[in-house]
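Peer 1: I am attaching a structure below and will ask some questions about it afterwards.
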Amino acid sequence: MAEVKVGAVLVVGGGVAGIQAALDLADSGFKVYLLDQSPSIGGVMARLDKTFPTNDCSMCILAPKLVATGRHPNINLITKGELIELNGKAGNFEARVRKQSRYINESKCNGCGLCAQKCPIEAVDTFNENLSSRSAIYVDYPQAVPLKFTIDREKCIGCRTCQEICKTKAIEYDQQDSETVLKIGSIILAPGFEPFDATQKSEYGYGRYLNVVTSLEFERILSASGPYGGLVLRSSDGEIPKKIAFIQCVGSRDAQIGNNYCSAACCMYGIKEAIIAKEHVPIKLSCSIFYIDIRSYGKEFDDYYSRAQEEYNIRFVRSRPARITEDPRTNNLYLHYVEDGDPRIEEFDMVVLSIGMQAPKNVETLAKVLGIQLNGYNFCQTSVFSPVETSKPGIFVCGAFAAPKDIPESVAQASGAAAKAIAVIASERGKEIVEKEYKPERDVSQEEPRIGVFVCHCGINIGGVVNVLEVVEYVKKLSNVAYAEANLYTCSQDTQGIIRERIEEHDLNRVIVASCTPRTHEPLFRETVQEAGLNPYLFEMVNIRDQCSWVHMHQPKEATGKAKELVRSVIAKARLLKPLKKPIIKVTPIGLVLGGGVSGMTAALELAKQGFEIHLVEREKRLGGHLRQIRYMLEGRNPAEYLALLIEEVMKNKKIRIHLNAEVTEVNGFVGNFKSKISYDNGEEKEVENGIVIIATGATEYKPVEYLYGKSSGVMTQRELEEKLAEGEFKAETVVMIQCIGARTEAQPNCARICCGEALKNALKIKEIYPETEVYVLYKDMRSYGFKEDYYREASAKGVLFINYTDDKKPKVTNKNGKLEITFWEPIINEEITLEPDVIALSVATIPNPDNKRTAEMVKVPLTKDGFFLEAHMKLRPVDFQTDGIFLCGMAHSPKFVDESLAQACAAAARAGTIICKKTLEMEGAIAHVDENFCGGCRICENLCPYRAIEMKEKDGEVTAHIIEALCKGCGICGAACPTKAITMGHFTNEEIMAQVKATLLEEVKA
Amino acid sequence: MNEKGNFEPKIVGFLCNWCAYAGADLAGVSRIQYAPNIRIIRVMCSGRVDPVFILEAFKDGADAVLVAGCHLPSDCHYINGNYKAQARVALLKKVLENFGIEPERLRLEWVSASEGDKFANIMNDMVEQIKRLGPNPMKKDGGKIS
């Protein structure tokens, strides 16, 4: 009997990783259950103020993903939920889920928030890290998804005020916890992390001293929507601090408390918080960061670190403070630390503890329920060649639960886990999902505008301030308004029915809802009018809640007047609205992967497992790339064995066409419809059609010119040393390794990420085979982030000596009569040391593939100033490009370890899969159009378009602009610049906006 | 009405959908009270704002115009539309001056989705500033448009 599989996935944890995995799965045609313990999704990212290294507003970039998740027809959110039992096996699990009661009927609550305003109880706001208060009935944050309130029963006194005030009768005091059983094929774990409890480090006085705060509390303090509205204030007296210290590694790299590992993100967020604090504080603020090593190892992170020092004058002190004491009169803090061998005491107004990440609470219970293994620190056990797989088939992991990590890596891993989860159930694609069908669209092109206006009371949220009936009466008098009414809640299910009926009864061909914000509610109403046979672009919205009643609460007359004018202006626009077609483009379900290294092979294989044909193009005569030269792994696995298995699997897969000794020389077209040319070394050429492109062309190694490399046989790269070790050709009594060769220099300012790990690997290997050999590592910062810190610790324990050097005191290497000599400064004993090593191993940087420029121009994607490929968004779209249909993974993105390349390769496959799994793609309807009769061919628009969506075409000797519909995103930048107004921006036409401006300012003059 | 400080200015605001409009929404959700003088027109990107829209607003009697988008350098949802808005507004201010309209009446601001308070402050600040400046000089005859 054929195995029964289920095309649904359970994602445990609704932080940014869980959200990304859920979206990728749902967009690939699988049903998703997204389970979160909290009342709303968003996780830790929702609490952050800004994100490094771009200083983007965290909520601005997360909110669209929250909304997309909440609205996705194939994502079922289960909030306040917990997994309590799991049966079955990969492909067919049964998960029992308990859902805690929120004492609110979720289907009735519309998030209007009236209850919270009337609630008499004050409780501490845990979302704001207990720094402010909220009511006993609450949502975590204003943009929360789902926007459903919760009663905090520990605080609620049962006064029933909310029950009386709630117009939708959503309050259910006696609601019980419930249980459901979900049938799923695979599971992704993304439960995130638990912030370290800083009270455990009692020497820092957290919890006793008011002005010692954690980094997470400081995020909320920095946030404009935080407890102090974005002002940096001290908790003790509400004063603005003038001098802040940040202490790194609180709860990380700390054997005393058992967290030996590095939390991987704190150095960067510490720098970020210092920068943002300086931006937020109007007076001169001094920020000092106390650190062991600055681990800014990510893409362009060292640039950020440099800016912090040079532009923001942030002071960096290499010291781990011993303790903090407080001046009880001023609540100022004294930091006790040692710098350059001298004990010091320094006074600060405020201290921020950069707290580390710990495994999530109650994770042992979860591991037991699932039957998965945890590592020694209670994080999920994974292995270097299967970074997103747990010990149990069919269960995958991503985000901080796999190891402490930052947001972009969590997001990449999440997509990677989605690819793995899909591979288990690829045959079941599309079987558990719903696709909506609409009735045929009514042709309104010959009709006079007949506008229907629905004005919402929103309980009393609008109606309590704005005179809604007066607005209704006013708009009824305006021309083309065929119908107007007021609703208690225009968004409620029954009102959707009413709107559809009114469209029929009154032959309405334009619909306006005056209520809240289109950013959350426009999709709902568009769907309603579509159900009634109207084109969705014949709908418009007016925001009279956020722009009238809520911001002019004490000026009802002005608020009502403003509401009338706003509706009047949108009516003027609505008269001119035109139905728009969403362009449908067909998709070629074939992938093209550039590069046959471990990343390219993995991406190709994951897509092939989903059933897609793949062209895998490799320049060399065999597959394998960079991993071929690696003889050992830091984690002790055998890379050659793994590589051989992977190559065999790729070669055996019938869906993968391998093109060796070949390069892709042309890529034309756009998402879903590329035409590419593969050129072989023997001069042959081949044209292929493909729907997506994945760039996995890797990177290369820096060729050192420093430290007598190439001039003295004892000086070699780490790779060459590794080779000697593996071949038994190594012989040395003393080895000195020098870090940061070709990285963190003026020419290549950023960290090459993997060299510290490579040095540790070889140092440990030497100590394993030749314990008597002395090994010295000269470093700037040891960047053994995450669990790699264990190897740093192990190397130290085995006698490897780590000595810090700085750019102004670089080591000196000389060759004296065939004998190598190295001189370096030893900062602890404060003396110069000279050694005569047999081997000097240079930890050389991984640098961009020199071909990147050509490849980037060919596929029209950007590079960073360092020369690596630049993704669509450094934080949330780590493997996408701004150009749809083109993806990125592995070292072409930036230097990284094999496990990180593998996760990214799976991620690129998952993201690419969301496109080629569809027969057709529906593009945005509100895009630009060119009227050729008016186009003068000036090319202004072509140059302005950020998406290269405009091409110039010649016809009868005249050059005119053409919009490539599949590439246009509808920003309208071209329309604003067109000197002949030949470009029309759909749904935001010049005529529409001009009419809106006029009607905003001028009363309608009836003819 | 032409007396300075004694009139209620009319302000037209072109707000980008992704940041500034979201910031105005947050002001609402956070119940931050501000002067009721602005009429918001939503556009997808501040780069969509054609100078013609702004001129039309002044012609129709707006006392001030606000263009608000995503923060520089990289918050723009459309990569770099905010830079285009910046360039256009800078140029247009010069044009306005030639028309006898004080360039302060046209304002460009960056407001993120988490800056509800900033949006409200801008509103209050603009209203005060324009009250000091008096009505749009293109308006003749006691505030009515000729």
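Residue numbering restarts at 1 in every chain; chains get A, B, ... in the order shown in the structure tokens, and ligands count up from 1 in that same order.
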Which residues of chain A come within 6 Å of chain B, and for each one, what is the closest pair of atoms and their distance in Å to one decimal, counting only C-alpha atoms, sorted by chain and residue number, as a Markdown table?
Peer 2:
| residue | atom | partner | partner_atom | distance |
| --- | --- | --- | --- | --- |
| A:Cys60 | CA | B:Ala113 | CA | 5.2 |
| A:Ala224 | CA | B:Glu115 | CA | 5.7 |
| A:Asp546 | CA | B:Gly28 | CA | 4.0 |
| A:Trp550 | CA | B:Gly28 | CA | 5.1 |
| A:Val551 | CA | B:Gln33 | CA | 4.4 |
| A:His552 | CA | B:Gln33 | CA | 5.6 |
| A:Cys971 | CA | B:Cys45 | CA | 5.4 |
| A:Gly972 | CA | B:Arg48 | CA | 4.6 |
| A:Ile973 | CA | B:Arg48 | CA | 4.7 |
| A:Ala976 | CA | B:Asp50 | CA | 4.2 |
| A:Val997 | CA | B:Ala57 | CA | 6.0 |
Peer 1: May I have the residues within 6 Å of Arg295 of chain A as a ChimeraX atom specification, using only C-alpha atoms and disregarding those fewer than 2 positions away in the same chain?
Peer 2: /A:267,293,297,783
Peer 1: With DSSP run on the backbone, what are the alpha helix (DSSP H) residues within segment 35-132 of chain B? I'd like them as a ChimeraX atom specification.
Peer 2: /B:51-59,81-99,116-132
Peer 1: Take the residues just selected and output them with N, CA and C atoms as a short mmCIF file (atom, residue, chain, number, x, y, z; two decimals), in the first residue's frame.
Peer 2:
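The resulting result26.cif:
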data_model
loop_
_atom_site.label_atom_id
_atom_site.label_comp_id
_atom_site.auth_asym_id
_atom_site.auth_seq_id
_atom_site.Cartn_x
_atom_site.Cartn_y
_atom_site.Cartn_z
N PRO B 51 5.41 67.12 -8.99
CA PRO B 51 5.37 68.52 -8.57
C PRO B 51 4.05 69.21 -8.96
N VAL B 52 3.44 68.72 -10.03
CA VAL B 52 2.17 69.30 -10.47
C VAL B 52 1.10 69.15 -9.39
N PHE B 53 1.13 68.04 -8.64
CA PHE B 53 0.14 67.86 -7.57
C PHE B 53 0.30 68.95 -6.52
N ILE B 54 1.54 69.25 -6.22
CA ILE B 54 1.83 70.22 -5.17
C ILE B 54 1.42 71.62 -5.63
N LEU B 55 1.74 71.92 -6.89
CA LEU B 55 1.34 73.22 -7.44
C LEU B 55 -0.18 73.36 -7.46
N GLU B 56 -0.84 72.27 -7.82
CA GLU B 56 -2.31 72.28 -7.84
C GLU B 56 -2.85 72.59 -6.44
N ALA B 57 -2.24 71.96 -5.45
CA ALA B 57 -2.71 72.19 -4.08
C ALA B 57 -2.56 73.66 -3.69
N PHE B 58 -1.42 74.25 -4.03
CA PHE B 58 -1.25 75.67 -3.71
C PHE B 58 -2.22 76.54 -4.51
N LYS B 59 -2.44 76.13 -5.74
CA LYS B 59 -3.37 76.89 -6.59
C LYS B 59 -4.78 76.85 -6.01
N GLY B 81 12.86 55.66 -3.94
CA GLY B 81 11.85 56.67 -4.27
C GLY B 81 11.98 57.90 -3.39
N ASN B 82 12.41 57.69 -2.13
CA ASN B 82 12.55 58.82 -1.20
C ASN B 82 13.59 59.82 -1.70
N TYR B 83 14.66 59.31 -2.30
CA TYR B 83 15.67 60.23 -2.84
C TYR B 83 15.09 61.08 -3.97
N LYS B 84 14.21 60.43 -4.75
CA LYS B 84 13.61 61.18 -5.86
C LYS B 84 12.69 62.26 -5.33
N ALA B 85 11.95 61.92 -4.29
CA ALA B 85 11.08 62.93 -3.67
C ALA B 85 11.94 64.08 -3.14
N GLN B 86 13.06 63.73 -2.53
CA GLN B 86 13.94 64.74 -1.96
C GLN B 86 14.41 65.72 -3.03
N ALA B 87 14.84 65.17 -4.16
CA ALA B 87 15.33 66.02 -5.24
C ALA B 87 14.22 66.91 -5.78
N ARG B 88 13.04 66.33 -5.97
CA ARG B 88 11.94 67.12 -6.55
C ARG B 88 11.50 68.23 -5.62
N VAL B 89 11.39 67.91 -4.33
CA VAL B 89 10.93 68.93 -3.39
C VAL B 89 11.94 70.07 -3.33
N ALA B 90 13.22 69.73 -3.34
CA ALA B 90 14.25 70.75 -3.27
C ALA B 90 14.13 71.71 -4.46
N LEU B 91 13.93 71.13 -5.65
CA LEU B 91 13.79 71.97 -6.84
C LEU B 91 12.52 72.82 -6.78
N LEU B 92 11.45 72.15 -6.34
CA LEU B 92 10.16 72.83 -6.35
C LEU B 92 10.14 74.02 -5.39
N LYS B 93 10.89 73.91 -4.31
CA LYS B 93 10.95 75.02 -3.37
C LYS B 93 11.46 76.28 -4.08
N LYS B 94 12.42 76.08 -4.95
CA LYS B 94 12.97 77.22 -5.71
C LYS B 94 11.90 77.81 -6.62
N VAL B 95 11.16 76.90 -7.27
CA VAL B 95 10.10 77.35 -8.18
C VAL B 95 9.05 78.14 -7.40
N LEU B 96 8.68 77.61 -6.23
CA LEU B 96 7.65 78.28 -5.43
C LEU B 96 8.07 79.70 -5.07
N GLU B 97 9.33 79.82 -4.73
CA GLU B 97 9.85 81.13 -4.34
C GLU B 97 9.63 82.14 -5.48
N ASN B 98 9.86 81.66 -6.69
CA ASN B 98 9.65 82.55 -7.85
C ASN B 98 8.18 82.94 -8.00
N PHE B 99 7.31 82.05 -7.56
CA PHE B 99 5.88 82.36 -7.64
C PHE B 99 5.42 83.25 -6.48
N GLY B 116 4.73 57.49 15.31
CA GLY B 116 3.44 58.18 15.44
C GLY B 116 3.61 59.53 16.09
N ASP B 117 4.46 59.58 17.11
CA ASP B 117 4.65 60.85 17.81
C ASP B 117 5.33 61.88 16.92
N LYS B 118 6.26 61.40 16.10
CA LYS B 118 6.95 62.33 15.20
C LYS B 118 5.95 62.93 14.22
N PHE B 119 5.06 62.07 13.70
CA PHE B 119 4.07 62.59 12.76
C PHE B 119 3.22 63.67 13.43
N ALA B 120 2.75 63.38 14.63
CA ALA B 120 1.90 64.35 15.34
C ALA B 120 2.67 65.65 15.60
N ASN B 121 3.93 65.52 15.99
CA ASN B 121 4.74 66.72 16.24
C ASN B 121 4.91 67.56 14.98
N ILE B 122 5.11 66.87 13.86
CA ILE B 122 5.25 67.59 12.59
C ILE B 122 3.98 68.39 12.31
N MET B 123 2.84 67.74 12.54
CA MET B 123 1.56 68.41 12.28
C MET B 123 1.43 69.67 13.12
N ASN B 124 1.66 69.52 14.42
CA ASN B 124 1.52 70.67 15.31
C ASN B 124 2.50 71.78 14.94
N ASP B 125 3.70 71.36 14.63
CA ASP B 125 4.73 72.31 14.29
C ASP B 125 4.39 73.07 13.01
N MET B 126 3.91 72.31 12.02
CA MET B 126 3.56 72.94 10.73
C MET B 126 2.44 73.95 10.92
N VAL B 127 1.42 73.55 11.70
CA VAL B 127 0.28 74.44 11.88
C VAL B 127 0.74 75.74 12.53
N GLU B 128 1.58 75.63 13.54
CA GLU B 128 2.09 76.84 14.21
C GLU B 128 2.87 77.72 13.24
N GLN B 129 3.74 77.03 12.49
CA GLN B 129 4.60 77.75 11.56
C GLN B 129 3.77 78.49 10.51
N ILE B 130 2.77 77.80 9.98
CA ILE B 130 1.98 78.42 8.90
C ILE B 130 1.07 79.51 9.46
N LYS B 131 0.65 79.32 10.72
CA LYS B 131 -0.14 80.40 11.33
C LYS B 131 0.69 81.68 11.41
N ARG B 132 1.96 81.50 11.77
CA ARG B 132 2.84 82.66 11.83
C ARG B 132 3.03 83.29 10.45
#
Peer 1: Interatomic distance between atom CA of Ala95 of chain A and atom CA of Val384 of chain A?
Peer 2: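 Computed distance, atom CA of Ala95 of chain A to atom CA of Val384 of chain A, equals 28.4 Å.
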Peer 1: Identify, with DSSP run on backbone atoms, the residues in segment 832-898 of chain A assigned to strand (DSSP E), and express the list as JSON, numbers by chain.
Peer 2: {"A": [832, 833, 834, 835, 839, 840, 841, 842, 843, 844, 846, 847, 848, 886, 887, 888]}
Peer 1: Can you tell me which residues surround Gly416 of chain A at a distance of at most 7 Å, considering only C-alpha atoms, apart from same-chain residues fewer than 2 positions away, and format the answer as a list in words?
Peer 2: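 Once the adjacent positions are removed, what remains is Ala412, Gln413, Ala414, Ala418, Ala419, Lys420, Ala903, Gln904, Cys906, Ala907 and Ala910 of chain A.
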Peer 1: Please save C-alpha atoms of the selected residues as a PDB file, in the first residue's frame.
Peer 2:
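To be explicit, this is the file written out as result-v8.pdb:
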ATOM      1  CA  ALA A 412      17.614  32.150   5.657  1.00  0.00           C
ATOM      2  CA  GLN A 413      17.445  29.068   7.849  1.00  0.00           C
ATOM      3  CA  ALA A 414      13.675  29.351   8.004  1.00  0.00           C
ATOM      4  CA  ALA A 418      10.752  25.107   4.549  1.00  0.00           C
ATOM      5  CA  ALA A 419      12.556  23.488   1.593  1.00  0.00           C
ATOM      6  CA  LYS A 420      13.314  20.419   3.706  1.00  0.00           C
ATOM      7  CA  ALA A 903      21.034  26.411   4.949  1.00  0.00           C
ATOM      8  CA  GLN A 904      21.164  29.283   2.468  1.00  0.00           C
ATOM      9  CA  CYS A 906      18.019  25.214   0.836  1.00  0.00           C
ATOM     10  CA  ALA A 907      16.574  28.683   1.402  1.00  0.00           C
ATOM     11  CA  ALA A 910      12.514  27.224  -1.152  1.00  0.00           C
TER      12      ALA A 910
END
Peer 1: As a ChimeraX atom specification, please: the residues near Leu108 of chain B (cut-off 6 Å, only C-alpha atoms, same-chain neighbours under 3 positions excluded).
Peer 2: /B:66-68
Peer 1: Name all residues at most 8 Å from Glu613 of chain A (count only C-alpha atoms; drop same-chain ones fewer than 2 positions away) and give them as a list in words.
Peer 2: Pro589, Ile590, Gly591, Leu607, Ala608, Gly611, His615, Lys655, Ile656 and Arg657 of chain A
Peer 1: Applying 9 Å and only C-alpha atoms, which residues near Ile294 of chain A remain after dropping the ones on its own chain fewer than 5 positions away? List them as a list of chain:residue names.
Peer 2: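 Neighbouring residues, sequence-local ones excluded: A:Cys267, A:Met268, A:Tyr305, A:Arg318, A:Asp781, A:Met782, A:Arg783.
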Peer 1: Write the residues you've just listed into a file as a PDB file, in the first residue's frame, and include all heavy atoms for each of them.
Peer 2:
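After the write, result_20.pdb holds the following:
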ATOM      1  N   CYS A 267      27.179  41.572  19.995  1.00  0.00           N
ATOM      2  CA  CYS A 267      28.140  42.624  19.661  1.00  0.00           C
ATOM      3  C   CYS A 267      27.484  43.626  18.731  1.00  0.00           C
ATOM      4  O   CYS A 267      27.578  44.835  18.919  1.00  0.00           O
ATOM      5  CB  CYS A 267      29.382  42.032  18.996  1.00  0.00           C
ATOM      6  SG  CYS A 267      30.513  41.297  20.186  1.00  0.00           S
ATOM      7  N   MET A 268      26.799  43.086  17.718  1.00  0.00           N
ATOM      8  CA  MET A 268      26.199  43.986  16.738  1.00  0.00           C
ATOM      9  C   MET A 268      25.031  44.762  17.323  1.00  0.00           C
ATOM     10  O   MET A 268      24.885  45.953  17.082  1.00  0.00           O
ATOM     11  CB  MET A 268      25.762  43.192  15.504  1.00  0.00           C
ATOM     12  CG  MET A 268      26.905  42.799  14.623  1.00  0.00           C
ATOM     13  SD  MET A 268      27.868  44.214  14.044  1.00  0.00           S
ATOM     14  CE  MET A 268      26.758  44.916  12.835  1.00  0.00           C
ATOM     15  N   TYR A 305      30.852  48.690  12.516  1.00  0.00           N
ATOM     16  CA  TYR A 305      31.719  48.823  13.701  1.00  0.00           C
ATOM     17  C   TYR A 305      32.634  50.039  13.535  1.00  0.00           C
ATOM     18  O   TYR A 305      32.801  50.849  14.449  1.00  0.00           O
ATOM     19  CB  TYR A 305      32.497  47.508  13.843  1.00  0.00           C
ATOM     20  CG  TYR A 305      33.538  47.416  14.929  1.00  0.00           C
ATOM     21  CD1 TYR A 305      33.455  48.173  16.097  1.00  0.00           C
ATOM     22  CD2 TYR A 305      34.605  46.521  14.796  1.00  0.00           C
ATOM     23  CE1 TYR A 305      34.410  48.047  17.098  1.00  0.00           C
ATOM     24  CE2 TYR A 305      35.562  46.393  15.788  1.00  0.00           C
ATOM     25  CZ  TYR A 305      35.476  47.168  16.927  1.00  0.00           C
ATOM     26  OH  TYR A 305      36.427  47.039  17.904  1.00  0.00           O
ATOM     27  N   ARG A 318      38.375  47.036  25.745  1.00  0.00           N
ATOM     28  CA  ARG A 318      38.522  45.583  25.799  1.00  0.00           C
ATOM     29  C   ARG A 318      38.700  45.158  27.255  1.00  0.00           C
ATOM     30  O   ARG A 318      39.818  45.111  27.775  1.00  0.00           O
ATOM     31  CB  ARG A 318      39.718  45.131  24.952  1.00  0.00           C
ATOM     32  CG  ARG A 318      39.786  43.621  24.762  1.00  0.00           C
ATOM     33  CD  ARG A 318      41.041  43.212  24.026  1.00  0.00           C
ATOM     34  NE  ARG A 318      40.990  43.425  22.592  1.00  0.00           N
ATOM     35  CZ  ARG A 318      40.557  42.525  21.703  1.00  0.00           C
ATOM     36  NH1 ARG A 318      40.121  41.360  22.102  1.00  0.00           N
ATOM     37  NH2 ARG A 318      40.554  42.799  20.414  1.00  0.00           N
ATOM     38  N   ASP A 781      40.443  40.048  16.827  1.00  0.00           N
ATOM     39  CA  ASP A 781      39.351  39.625  17.698  1.00  0.00           C
ATOM     40  C   ASP A 781      39.126  38.161  17.351  1.00  0.00           C
ATOM     41  O   ASP A 781      39.039  37.831  16.164  1.00  0.00           O
ATOM     42  CB  ASP A 781      38.041  40.375  17.378  1.00  0.00           C
ATOM     43  CG  ASP A 781      38.099  41.848  17.724  1.00  0.00           C
ATOM     44  OD1 ASP A 781      37.906  42.183  18.896  1.00  0.00           O
ATOM     45  OD2 ASP A 781      38.329  42.669  16.804  1.00  0.00           O
ATOM     46  N   MET A 782      39.032  37.287  18.338  1.00  0.00           N
ATOM     47  CA  MET A 782      38.706  35.900  18.003  1.00  0.00           C
ATOM     48  C   MET A 782      37.194  35.834  17.786  1.00  0.00           C
ATOM     49  O   MET A 782      36.421  36.108  18.684  1.00  0.00           O
ATOM     50  CB  MET A 782      39.114  34.940  19.130  1.00  0.00           C
ATOM     51  CG  MET A 782      40.558  34.468  19.058  1.00  0.00           C
ATOM     52  SD  MET A 782      41.124  33.921  17.420  1.00  0.00           S
ATOM     53  CE  MET A 782      40.387  32.298  17.305  1.00  0.00           C
ATOM     54  N   ARG A 783      36.823  35.479  16.571  1.00  0.00           N
ATOM     55  CA  ARG A 783      35.391  35.530  16.237  1.00  0.00           C
ATOM     56  C   ARG A 783      34.806  34.137  16.118  1.00  0.00           C
ATOM     57  O   ARG A 783      34.246  33.759  15.079  1.00  0.00           O
ATOM     58  CB  ARG A 783      35.195  36.368  14.978  1.00  0.00           C
ATOM     59  CG  ARG A 783      35.539  37.820  15.266  1.00  0.00           C
ATOM     60  CD  ARG A 783      35.300  38.747  14.113  1.00  0.00           C
ATOM     61  NE  ARG A 783      35.360  40.136  14.586  1.00  0.00           N
ATOM     62  CZ  ARG A 783      35.319  41.185  13.796  1.00  0.00           C
ATOM     63  NH1 ARG A 783      35.235  41.048  12.508  1.00  0.00           N
ATOM     64  NH2 ARG A 783      35.368  42.405  14.301  1.00  0.00           N
TER      65      ARG A 783
END
Peer 1: Quick one: everything within 12 Å of Ile498 of chain A, counting only C-alpha atoms, minus sequence neighbours fewer than 3 positions away in the same chain. Send it as a count of residues only.
Peer 2: 22
